[in-house]
Each structure stands twice: as structure tokens, then as C-alpha cells.
file protein26.cif (mmCIF, C-alpha atoms and all ligand atoms)
data_structure
#
loop_
_atom_site.label_atom_id
_atom_site.label_comp_id
_atom_site.auth_asym_id
_atom_site.auth_seq_id
_atom_site.Cartn_x
_atom_site.Cartn_y
_atom_site.Cartn_z
CA MET L 1281 19.57 -10.85 89.39
CA ASP L 1282 18.39 -7.34 88.50
CA ILE L 1283 20.63 -4.35 89.00
CA VAL L 1284 19.79 -2.00 91.86
CA THR L 1285 21.93 1.11 92.17
CA ILE L 1286 22.08 2.69 95.60
CA GLY L 1287 24.20 5.82 95.33
CA ALA L 1288 24.82 6.60 99.01
CA LYS L 1289 26.50 3.26 99.84
CA THR L 1290 30.16 2.45 99.49
CA SER L 1291 30.10 -1.05 100.98
CA CYS L 1292 27.56 -3.81 101.49
CA THR L 1293 25.36 -3.22 104.53
CA ARG L 1294 23.55 -6.55 104.00
CA CYS L 1295 20.26 -4.74 103.56
CA GLY L 1296 19.08 -7.51 101.24
CA GLU L 1297 17.45 -5.21 98.70
CA CYS L 1298 19.25 -6.88 95.76
CA CYS L 1299 18.13 -10.29 97.07
CA THR L 1300 14.48 -9.33 96.50
CA LYS L 1301 15.05 -8.45 92.83
CA GLY L 1302 16.03 -11.90 91.57
CA SER L 1303 18.13 -14.87 92.61
CA PRO L 1304 21.67 -15.44 91.31
CA THR L 1305 22.72 -17.58 88.36
CA LEU L 1306 25.39 -20.04 89.50
CA HIS L 1307 28.87 -19.90 88.05
CA PHE L 1308 31.19 -22.84 87.48
CA ALA L 1309 33.08 -21.98 90.68
CA ASP L 1310 29.85 -22.30 92.70
CA SER L 1311 29.86 -26.11 92.28
CA GLN L 1312 32.04 -26.11 95.42
CA LEU L 1313 29.02 -24.76 97.38
CA LEU L 1314 27.08 -27.90 96.44
CA ARG L 1315 29.97 -30.15 97.38
CA ASP L 1316 30.37 -28.56 100.82
CA GLY L 1317 26.61 -28.53 101.50
CA THR L 1318 26.11 -24.74 101.50
CA LEU L 1319 23.63 -25.16 98.64
CA ASN L 1320 21.28 -28.09 98.14
CA TYR L 1321 20.15 -29.47 94.76
CA LYS L 1322 16.53 -29.06 95.81
CA ASP L 1323 17.05 -25.30 96.11
CA LEU L 1324 18.04 -24.91 92.44
CA PHE L 1325 16.27 -24.87 89.10
CA THR L 1326 17.39 -24.76 85.48
CA ILE L 1327 16.41 -22.28 82.81
CA ARG L 1328 16.91 -24.35 79.68
CA GLU L 1329 18.46 -23.17 76.40
CA GLY L 1330 15.93 -21.33 74.26
CA GLU L 1331 13.68 -20.52 77.24
CA LEU L 1332 12.28 -16.99 77.22
CA VAL L 1333 13.53 -14.78 80.03
CA TYR L 1334 12.67 -11.21 80.83
CA ASN L 1335 15.40 -8.73 79.96
CA ASN L 1336 14.70 -5.79 82.25
CA MET L 1337 17.33 -3.61 80.51
CA ASP L 1338 15.34 -3.60 77.26
CA ASP L 1339 11.90 -4.49 78.72
CA GLU L 1340 11.44 -7.52 76.48
CA PHE L 1341 11.52 -11.32 76.54
CA ILE L 1342 14.54 -12.93 74.94
CA ALA L 1343 15.41 -16.59 74.28
CA ILE L 1344 18.60 -17.46 76.16
CA ASP L 1345 21.36 -19.16 74.20
CA CYS L 1346 22.73 -21.35 77.00
CA GLU L 1347 21.28 -23.03 80.06
CA LEU L 1348 21.41 -21.28 83.42
CA ILE L 1349 21.21 -22.83 86.88
CA LYS L 1350 19.67 -20.51 89.43
CA ILE L 1351 18.74 -20.51 93.11
CA ARG L 1352 14.97 -20.78 93.49
CA GLU L 1353 12.86 -17.73 94.22
CA VAL L 1354 9.99 -17.48 96.72
CA LYS L 1355 6.79 -18.37 94.88
CA GLY L 1356 5.05 -15.35 93.40
CA SER L 1357 8.05 -13.05 93.91
CA ARG L 1358 11.61 -12.47 92.69
CA LYS L 1359 13.01 -12.98 96.25
CA CYS L 1360 15.91 -15.41 96.58
CA ILE L 1361 14.93 -18.24 98.95
CA TYR L 1362 18.06 -17.59 101.01
CA TYR L 1363 16.92 -14.06 101.77
CA ASN L 1364 15.78 -14.00 105.37
CA GLU L 1365 13.33 -11.15 105.70
CA ASP L 1366 13.07 -11.34 109.48
CA GLY L 1367 16.76 -11.70 110.18
CA VAL L 1368 19.16 -8.86 110.79
CA SER L 1369 21.65 -10.20 108.29
CA ALA L 1370 19.32 -10.81 105.32
CA CYS L 1371 21.27 -13.51 103.44
CA ALA L 1372 21.26 -16.84 105.28
CA ILE L 1373 24.51 -17.91 103.55
CA TYR L 1374 26.23 -14.52 103.30
CA ASP L 1375 29.76 -15.75 104.09
CA ARG L 1376 29.38 -18.56 101.53
CA ARG L 1377 27.19 -16.75 98.96
CA PRO L 1378 27.60 -17.50 95.23
CA VAL L 1379 30.04 -15.70 92.92
CA GLN L 1380 27.39 -13.46 91.38
CA CYS L 1381 26.24 -12.21 94.80
CA ARG L 1382 29.84 -11.53 95.86
CA ALA L 1383 30.49 -9.59 92.65
CA TYR L 1384 27.38 -7.48 93.08
CA GLU L 1385 28.08 -4.07 94.63
CA CYS L 1386 25.02 -1.88 94.33
CA TRP L 1387 27.09 1.30 94.57
CA ASP L 1388 29.28 0.33 91.59
CA THR L 1389 28.04 -2.31 89.15
CA ASP L 1390 31.26 -2.59 87.07
CA LYS L 1391 32.51 -5.67 88.95
CA PHE L 1392 29.17 -7.40 88.47
CA MET L 1393 29.07 -6.61 84.75
CA SER L 1394 32.60 -7.98 84.34
CA THR L 1395 31.44 -11.42 85.55
CA PHE L 1396 28.75 -11.72 82.84
CA THR L 1397 31.01 -13.74 80.55
CA ASP L 1398 32.37 -16.06 83.28
CA GLU L 1399 31.72 -19.76 82.76
CA LYS L 1400 28.33 -20.71 84.15
CA LEU L 1401 27.49 -23.93 85.98
CA THR L 1402 25.73 -26.59 83.86
CA ARG L 1403 23.80 -29.75 84.59
CA THR L 1404 26.48 -31.78 82.82
CA GLU L 1405 29.08 -30.47 85.27
CA LEU L 1406 26.83 -31.12 88.27
CA LEU L 1407 26.09 -34.67 87.08
CA LYS L 1408 29.71 -35.47 86.12
CA GLY L 1409 30.21 -39.25 86.14
CA GLN L 1410 26.48 -40.05 86.16
CA THR L 1411 26.27 -40.99 82.49
CA ALA L 1412 22.79 -42.56 82.59
CA LEU L 1413 21.30 -39.46 84.19
CA ILE L 1414 23.09 -37.14 81.76
CA ASP L 1415 21.66 -39.19 78.86
CA ILE L 1416 18.13 -38.82 80.27
CA VAL L 1417 18.60 -35.07 80.75
CA ASN L 1418 19.94 -34.65 77.19
CA ALA L 1419 17.16 -36.78 75.67
CA HIS L 1420 14.59 -34.68 77.53
CA SER L 1421 16.23 -31.44 76.34
CA ASP L 1422 16.10 -32.63 72.71
CA LYS L 1423 12.53 -33.84 72.87
CA CYS L 1424 11.26 -30.83 74.85
CA SER L 1425 13.29 -28.20 73.02
CA TYR L 1426 12.15 -24.62 73.66
CA THR L 1427 13.39 -23.67 70.19
CA LYS L 1428 11.07 -26.27 68.69
CA LEU L 1429 8.18 -25.09 70.89
CA ALA L 1430 8.76 -21.48 69.83
CA GLU L 1431 8.56 -22.53 66.17
CA LEU L 1432 5.35 -24.49 66.80
CA PHE L 1433 3.66 -21.62 68.64
CA THR L 1434 4.68 -19.17 65.92
CA ALA L 1435 3.12 -21.50 63.32
CA ILE L 1436 -0.03 -21.91 65.45
CA GLY L 1437 -0.27 -18.11 65.68
CA GLU L 1438 -0.16 -18.03 61.87
CA GLY L 1439 -3.20 -20.29 61.73
CA ASN L 1440 -1.59 -23.75 61.43
CA ASP L 1441 -3.15 -26.54 63.47
CA LEU L 1442 -0.09 -27.89 65.28
CA THR L 1443 -1.55 -28.20 68.77
CA GLY L 1444 -1.11 -32.00 68.53
CA ASP L 1445 2.65 -31.53 68.14
CA VAL L 1446 2.73 -29.24 71.18
CA PHE L 1447 0.72 -31.73 73.26
CA GLU L 1448 3.10 -34.51 72.30
CA ILE L 1449 5.98 -32.51 73.78
CA LEU L 1450 3.98 -31.51 76.88
CA ALA L 1451 2.92 -35.13 77.40
CA TYR L 1452 6.55 -36.34 77.22
CA ASP L 1453 7.64 -33.77 79.80
CA THR L 1454 4.71 -34.59 82.10
CA TYR L 1455 5.33 -38.35 81.77
CA MET L 1456 9.11 -38.18 82.29
CA ARG L 1457 9.00 -36.43 85.65
CA PRO L 1458 7.34 -39.09 87.84
CA LEU L 1459 9.12 -41.79 85.84
CA LEU L 1460 12.52 -40.34 86.70
CA VAL L 1461 11.59 -40.28 90.39
CA GLU L 1462 10.21 -43.81 90.28
CA GLN L 1463 12.90 -45.52 88.21
CA SER L 1464 16.06 -43.58 89.05
CA GLY L 1465 15.31 -42.78 92.69
CA VAL L 1466 15.83 -39.07 92.05
CA PRO L 1467 14.09 -36.95 94.74
CA GLU L 1468 11.08 -35.13 93.31
CA GLN L 1469 12.48 -31.80 94.57
CA TYR L 1470 15.44 -32.19 92.13
CA LEU L 1471 13.25 -32.31 88.99
CA ASP L 1472 13.25 -28.56 88.29
CA LEU L 1473 17.05 -28.69 88.30
CA LEU L 1474 17.39 -31.86 86.21
CA LEU L 1475 14.61 -31.23 83.66
CA GLY L 1476 13.90 -27.52 84.07
CA ARG L 1477 10.50 -26.28 85.19
CA PRO L 1478 7.41 -28.22 84.02
CA LEU L 1479 6.40 -27.21 80.49
CA ILE L 1480 2.80 -27.20 81.56
CA ASP L 1481 3.72 -24.14 83.68
CA THR L 1482 6.26 -22.43 81.41
CA VAL L 1483 4.14 -22.66 78.24
CA ILE L 1484 2.59 -19.42 79.45
CA MET L 1485 5.66 -17.63 78.05
CA PHE L 1486 4.31 -18.37 74.55
CA GLY L 1487 0.96 -16.71 75.33
CA TYR L 1488 -0.97 -19.91 76.08
CA LYS L 1489 -2.07 -21.80 79.18
CA VAL L 1490 -2.99 -25.44 79.62
CA GLU L 1491 -6.42 -26.27 81.04
CA LYS L 1492 -8.40 -29.50 81.51
CA ASP L 1493 -11.89 -29.90 80.07
CA GLU L 1494 -14.74 -31.75 81.83
CA GLN L 1495 -13.57 -35.09 80.41
CA GLY L 1496 -10.07 -34.52 81.79
CA ASN L 1497 -8.54 -33.75 78.37
CA TYR L 1498 -5.87 -31.06 78.18
CA LEU L 1499 -6.65 -27.91 76.20
CA LEU L 1500 -4.31 -25.20 74.95
CA VAL L 1501 -5.98 -21.87 75.69
CA PRO L 1502 -4.65 -18.54 74.36
CA LEU L 1503 -4.13 -15.98 77.10
CA GLN L 1504 -6.76 -13.32 76.68
CA ALA L 1505 -5.78 -9.69 76.43
CA GLU L 1506 -7.05 -7.80 79.45
CA PRO L 1507 -10.65 -6.77 78.69
CA GLU L 1508 -11.07 -3.03 78.25
CA GLU L 1509 -12.98 -1.31 80.98
CA SER L 1510 -16.54 -0.52 79.93
CA LYS L 1511 -17.13 3.18 79.48
S1 LIG L 1601 24.85 -5.25 97.62
FE1 LIG L 1601 22.69 -5.81 97.99
S2 LIG L 1601 22.66 -6.40 100.20
FE2 LIG L 1601 24.56 -5.25 99.87
S3 LIG L 1601 24.00 -3.11 100.36
FE3 LIG L 1601 23.72 -3.37 98.14
S4 LIG L 1601 21.54 -3.88 97.86
FE4 LIG L 1601 22.07 -4.23 100.05
S1 LIG L 1602 22.30 -16.07 97.94
FE1 LIG L 1602 22.20 -14.57 99.59
S2 LIG L 1602 23.19 -12.73 98.74
FE2 LIG L 1602 22.66 -14.04 97.03
S3 LIG L 1602 20.64 -13.32 96.34
FE3 LIG L 1602 20.33 -15.04 97.75
S4 LIG L 1602 20.01 -14.07 99.73
FE4 LIG L 1602 20.96 -12.53 98.40
#
call {"tool": "encode", "arguments": {"input": "protein26.cif", "output": "C-alpha cells", "more": "lines below"}}
Ligand code: SF4
Ligand code: SF4
result
Amino acid sequence: MDIVTIGAKTSCTRCGECCTKGSPTLHFADSQLLRDGTLNYKDLFTIREGELVYNNMDDEFIAIDCELIKIREVKGSRKCIYYNEDGVSACAIYDRRPVQCRAYECWDTDKFMSTFTDEKLTRTELLKGQTALIDIVNAHSDKCSYTKLAELFTAIGEGNDLTGDVFEILAYDTYMRPLLVEQSGVPEQYLDLLLGRPLIDTVIMFGYKVEKDEQGNYLLVPLQAEPEESK
């Protein structure tokens, strides 16, 4: 959730402006919202440890040092999916909104900043008691480590041919997803929460995209710098 400071306000008018700047990260206390049905697992996704996230304070990408569970955003935007643009009240779950949203007061951000170190919700906590599923999630995190991927892409950028190692990780992630649905009965909509977003999509954060050639083989293609306008 990005910080929006609106000087004239002294209380929340439910304008929804903050809800269009990024969805909240869930705190430990928010697990109650899943238990009582306010939030649904399909509406969440995980940013895994080591994943690059945009730090708008310093205008740079940083690797996060712990996993974060967030409410999904509307595709192609930073809008929280619970933000109801047409409604008069903006947030569809305002009276039961997560801790981070409650702490956010656009006219005084001190309270919000003070919650930064609060314990965040984790997949292990959400899956408490489901040992087999936790083992699968942990095995996937080890095999598809973002730290490892960052090292591989750095080495590739230095001229080392390690694309095979990257493809091995991408293939594991791509293979695990339908398998988990098929063999564990997990709804497909829960995969971005359980395994994080597909690597084939997030690999873009390392400056590459995945394409298929005419034979159906995957290719790792560096993102081109924007071509200069011809003079
Ligand atoms: S906290 Fe968010 S919804 Fe409330 S007034 Fe400020 S910007 Fe609007
Ligand atoms: S949960 Fe509600 S208050 Fe929080 S960002 Fe989403 S729409 Fe806004």
C-alpha cells in the first residue's frame, strides 16, 4: 500500500483513494478475517522471500527478506479488488477491513508507519495443521528460490550460459501448479497464494521474458530497452 497524504482531511471519508494505490499486506491478526469468511483464499496472493518489489520511497526495486500475503489487485492496476469504484462507500469490506487499512490515516501516517514491524501473516500460519501441504509449499520455495534466480540472472548478465538452470526452475514451477490442483484437490484460484505468482510471469523482474518459438520450445528473451525515437 503506497502512502497518500491528503492534508485537508482529519478523518476517513471512505473516498477510496488509498485503495487505488496498492492493496494491503495481511498481518497475523487478519487470519481471523479468513476464518470468518470476510476474506477468501482465492482473493490473496503471496510475494515470496527474495522477490523484487518496487520501493516507491526510494524509486528502486528491492528484494524482500520475508514473505508477504496480500489482497489481489485488479489486473493492470494497483487497485485493491475490494475497492468498489461505483459504490458510494468504496471499500466493500470497510467494517471488516484488514489491520493495515485500519491503521492507514491519510492525514497522519504515523499510525500506519508504526505497524510496519507488526507480525505479518504467513502461509505456514494459514496452513496450520496441513503438514503435507506445508511440505509441498516449502519444497517449492526451496526449488524455486528467488535468491537463486537472482544469482543465475546476474551470472547470465555477466556472460555465463546458465539459461538451462533457469529453465529447470521455471519448468518445476510450471509443472507443480496443475499437479497440486490434480493431486491435492486444491482449487486453481488458490495457487498464487500457495506457490506465489507463476515464475513465467514474474521473471520479468529480472529483465527477461519467456516466449515460445515455432516448435513450442520456451525461450528466455532479454527485455529490450525502449528504442530511441528517430531524429
Ligand atoms: S484513508 Fe483512504 S479512504 Fe480514507 S479518506 Fe484517506 S485516502 Fe480516502
Ligand atoms: S481492503 Fe478495503 S480499505 Fe483496504 S485497500 Fe482494499 S478496498 Fe481499500
call {"tool": "residues_near_ligand", "arguments": {"input": "protein26.cif", "ligand": "ligand LIG 1602 (chain L)", "cutoff": "7 Å", "atoms": "only C-alpha atoms and all ligand atoms", "output": "PyMOL selection string"}}
result
chain L and resi 1296+1298-1299+1302-1304+1360-1363+1370-1374+1377-1378+1381
call {"tool": "write_last_selection", "arguments": {"input": "protein26.cif", "atoms": "C-alpha atoms", "output": "compact mmCIF listing (two decimals), in the frame of the given file"}}
result
# COMPACT_ATOMS: atom_id res chain seq x y z
CA GLY L 1296 19.08 -7.51 101.24
CA CYS L 1298 19.25 -6.88 95.76
CA CYS L 1299 18.13 -10.29 97.07
CA GLY L 1302 16.03 -11.90 91.57
CA SER L 1303 18.13 -14.87 92.61
CA PRO L 1304 21.67 -15.44 91.31
CA CYS L 1360 15.91 -15.41 96.58
CA ILE L 1361 14.93 -18.24 98.95
CA TYR L 1362 18.06 -17.59 101.01
CA TYR L 1363 16.92 -14.06 101.77
CA ALA L 1370 19.32 -10.81 105.32
CA CYS L 1371 21.27 -13.51 103.44
CA ALA L 1372 21.26 -16.84 105.28
CA ILE L 1373 24.51 -17.91 103.55
CA TYR L 1374 26.23 -14.52 103.30
CA ARG L 1377 27.19 -16.75 98.96
CA PRO L 1378 27.60 -17.50 95.23
CA CYS L 1381 26.24 -12.21 94.80
call {"tool": "atom_distance", "arguments": {"input": "protein26.cif", "atom1": "atom CA of Ala1435 of chain L", "atom2": "atom CA of Val1333 of chain L"}}
result
20.8 Å
call {"tool": "atom_distance", "arguments": {"input": "protein26.cif", "atom1": "atom CA of Pro1478 of chain L", "atom2": "atom CA of Leu1413 of chain L"}}
result
17.9 Å
call {"tool": "closest_atom_pairs", "arguments": {"input": "protein26.cif", "of": "chain L", "to": "ligand LIG 1601 (chain L)", "cutoff": "8 Å", "atoms": "all atoms listed in the file", "output": "tab-separated table"}}
result
residue	atom	partner	partner_atom	distance
L:Val1284	CA	L:LIG1601	S4	6.5
L:Thr1285	CA	L:LIG1601	S4	7.6
L:Ile1286	CA	L:LIG1601	FE3	6.8
L:Lys1289	CA	L:LIG1601	S3	6.9
L:Ser1291	CA	L:LIG1601	S3	6.5
L:Cys1292	CA	L:LIG1601	FE2	3.7
L:Thr1293	CA	L:LIG1601	S3	4.4
L:Arg1294	CA	L:LIG1601	S2	3.9
L:Cys1295	CA	L:LIG1601	FE4	4.0
L:Gly1296	CA	L:LIG1601	S2	3.9
L:Glu1297	CA	L:LIG1601	S4	4.4
L:Cys1298	CA	L:LIG1601	FE1	4.2
L:Cys1299	CA	L:LIG1601	FE1	6.5
L:Ala1370	CA	L:LIG1601	S2	7.5
L:Cys1371	CA	L:LIG1601	S2	7.9
L:Cys1381	CA	L:LIG1601	S1	7.6
L:Tyr1384	CA	L:LIG1601	S1	5.7
L:Glu1385	CA	L:LIG1601	S1	4.6
L:Cys1386	CA	L:LIG1601	FE3	4.3
L:Trp1387	CA	L:LIG1601	FE3	6.8
call {"tool": "atom_distance", "arguments": {"input": "protein26.cif", "atom1": "atom CA of Met1456 of chain L", "atom2": "atom CA of Lys1359 of chain L"}}
result
29.1 Å
call {"tool": "closest_residue", "arguments": {"input": "protein26.cif", "among": "L:Leu1442, L:Ile1327, L:Val1379, L:Ala1451", "to": "Tyr1426 of chain L", "atoms": "all atoms listed in the file"}}
result
L:Ile1327
call {"tool": "closest_residue", "arguments": {"input": "protein26.cif", "among": "L:Glu1494, L:Asp1375, L:Asp1310, L:Asp1445", "to": "Ile1351 of chain L", "atoms": "all atoms listed in the file"}}
result
L:Asp1310
call {"tool": "residues_around", "arguments": {"input": "protein26.cif", "residues": "segment 1474-1477 of chain L", "least_positions_apart": "4", "cutoff": "10 Å", "atoms": "only C-alpha atoms", "output": "PyMOL selection string"}}
result
chain L and resi 1321+1324-1329+1331+1347-1349+1403-1404+1406-1407+1413-1414+1416-1418+1420-1421+1424+1453+1456-1457+1460+1466+1469-1470+1481-1482
call {"tool": "closest_residue", "arguments": {"input": "protein26.cif", "among": "L:Asn1440, L:Thr1300, L:Thr1389, L:Ser1394", "to": "Arg1352 of chain L", "atoms": "only C-alpha atoms"}}
result
L:Thr1300
call {"tool": "residues_near_point", "arguments": {"input": "protein26.cif", "point": "(1.7, -20.4, 79.5)", "cutoff": "9 Å", "atoms": "all atoms listed in the file", "output": "list in words"}}
result
Leu1479, Ile1480, Asp1481, Thr1482, Val1483, Ile1484, Met1485, Phe1486, Gly1487, Tyr1488, Lys1489, Val1490, Leu1500, Val1501, Pro1502 and Leu1503 of chain L
call {"tool": "closest_residue", "arguments": {"input": "protein26.cif", "among": "L:Thr1395, L:Leu1450, L:Val1354, L:Gly1496", "to": "Ser1425 of chain L", "atoms": "only C-alpha atoms"}}
result
L:Leu1450
call {"tool": "closest_residue", "arguments": {"input": "protein26.cif", "among": "L:Thr1434, L:Thr1402, L:Thr1427, L:Thr1443", "to": "Ala1309 of chain L", "atoms": "all atoms listed in the file"}}
result
L:Thr1402
call {"tool": "closest_residue", "arguments": {"input": "protein26.cif", "among": "L:Leu1314, L:Lys1322, L:Tyr1334, L:Thr1411", "to": "Arg1358 of chain L", "atoms": "all atoms listed in the file"}}
result
L:Tyr1334
call {"tool": "residues_near_point", "arguments": {"input": "protein26.cif", "point": "(6.9, -29.0, 70.6)", "cutoff": "6 Å", "atoms": "all atoms listed in the file", "output": "JSON, numbers by chain"}}
result
{"L": [1428, 1429, 1445, 1446, 1449]}
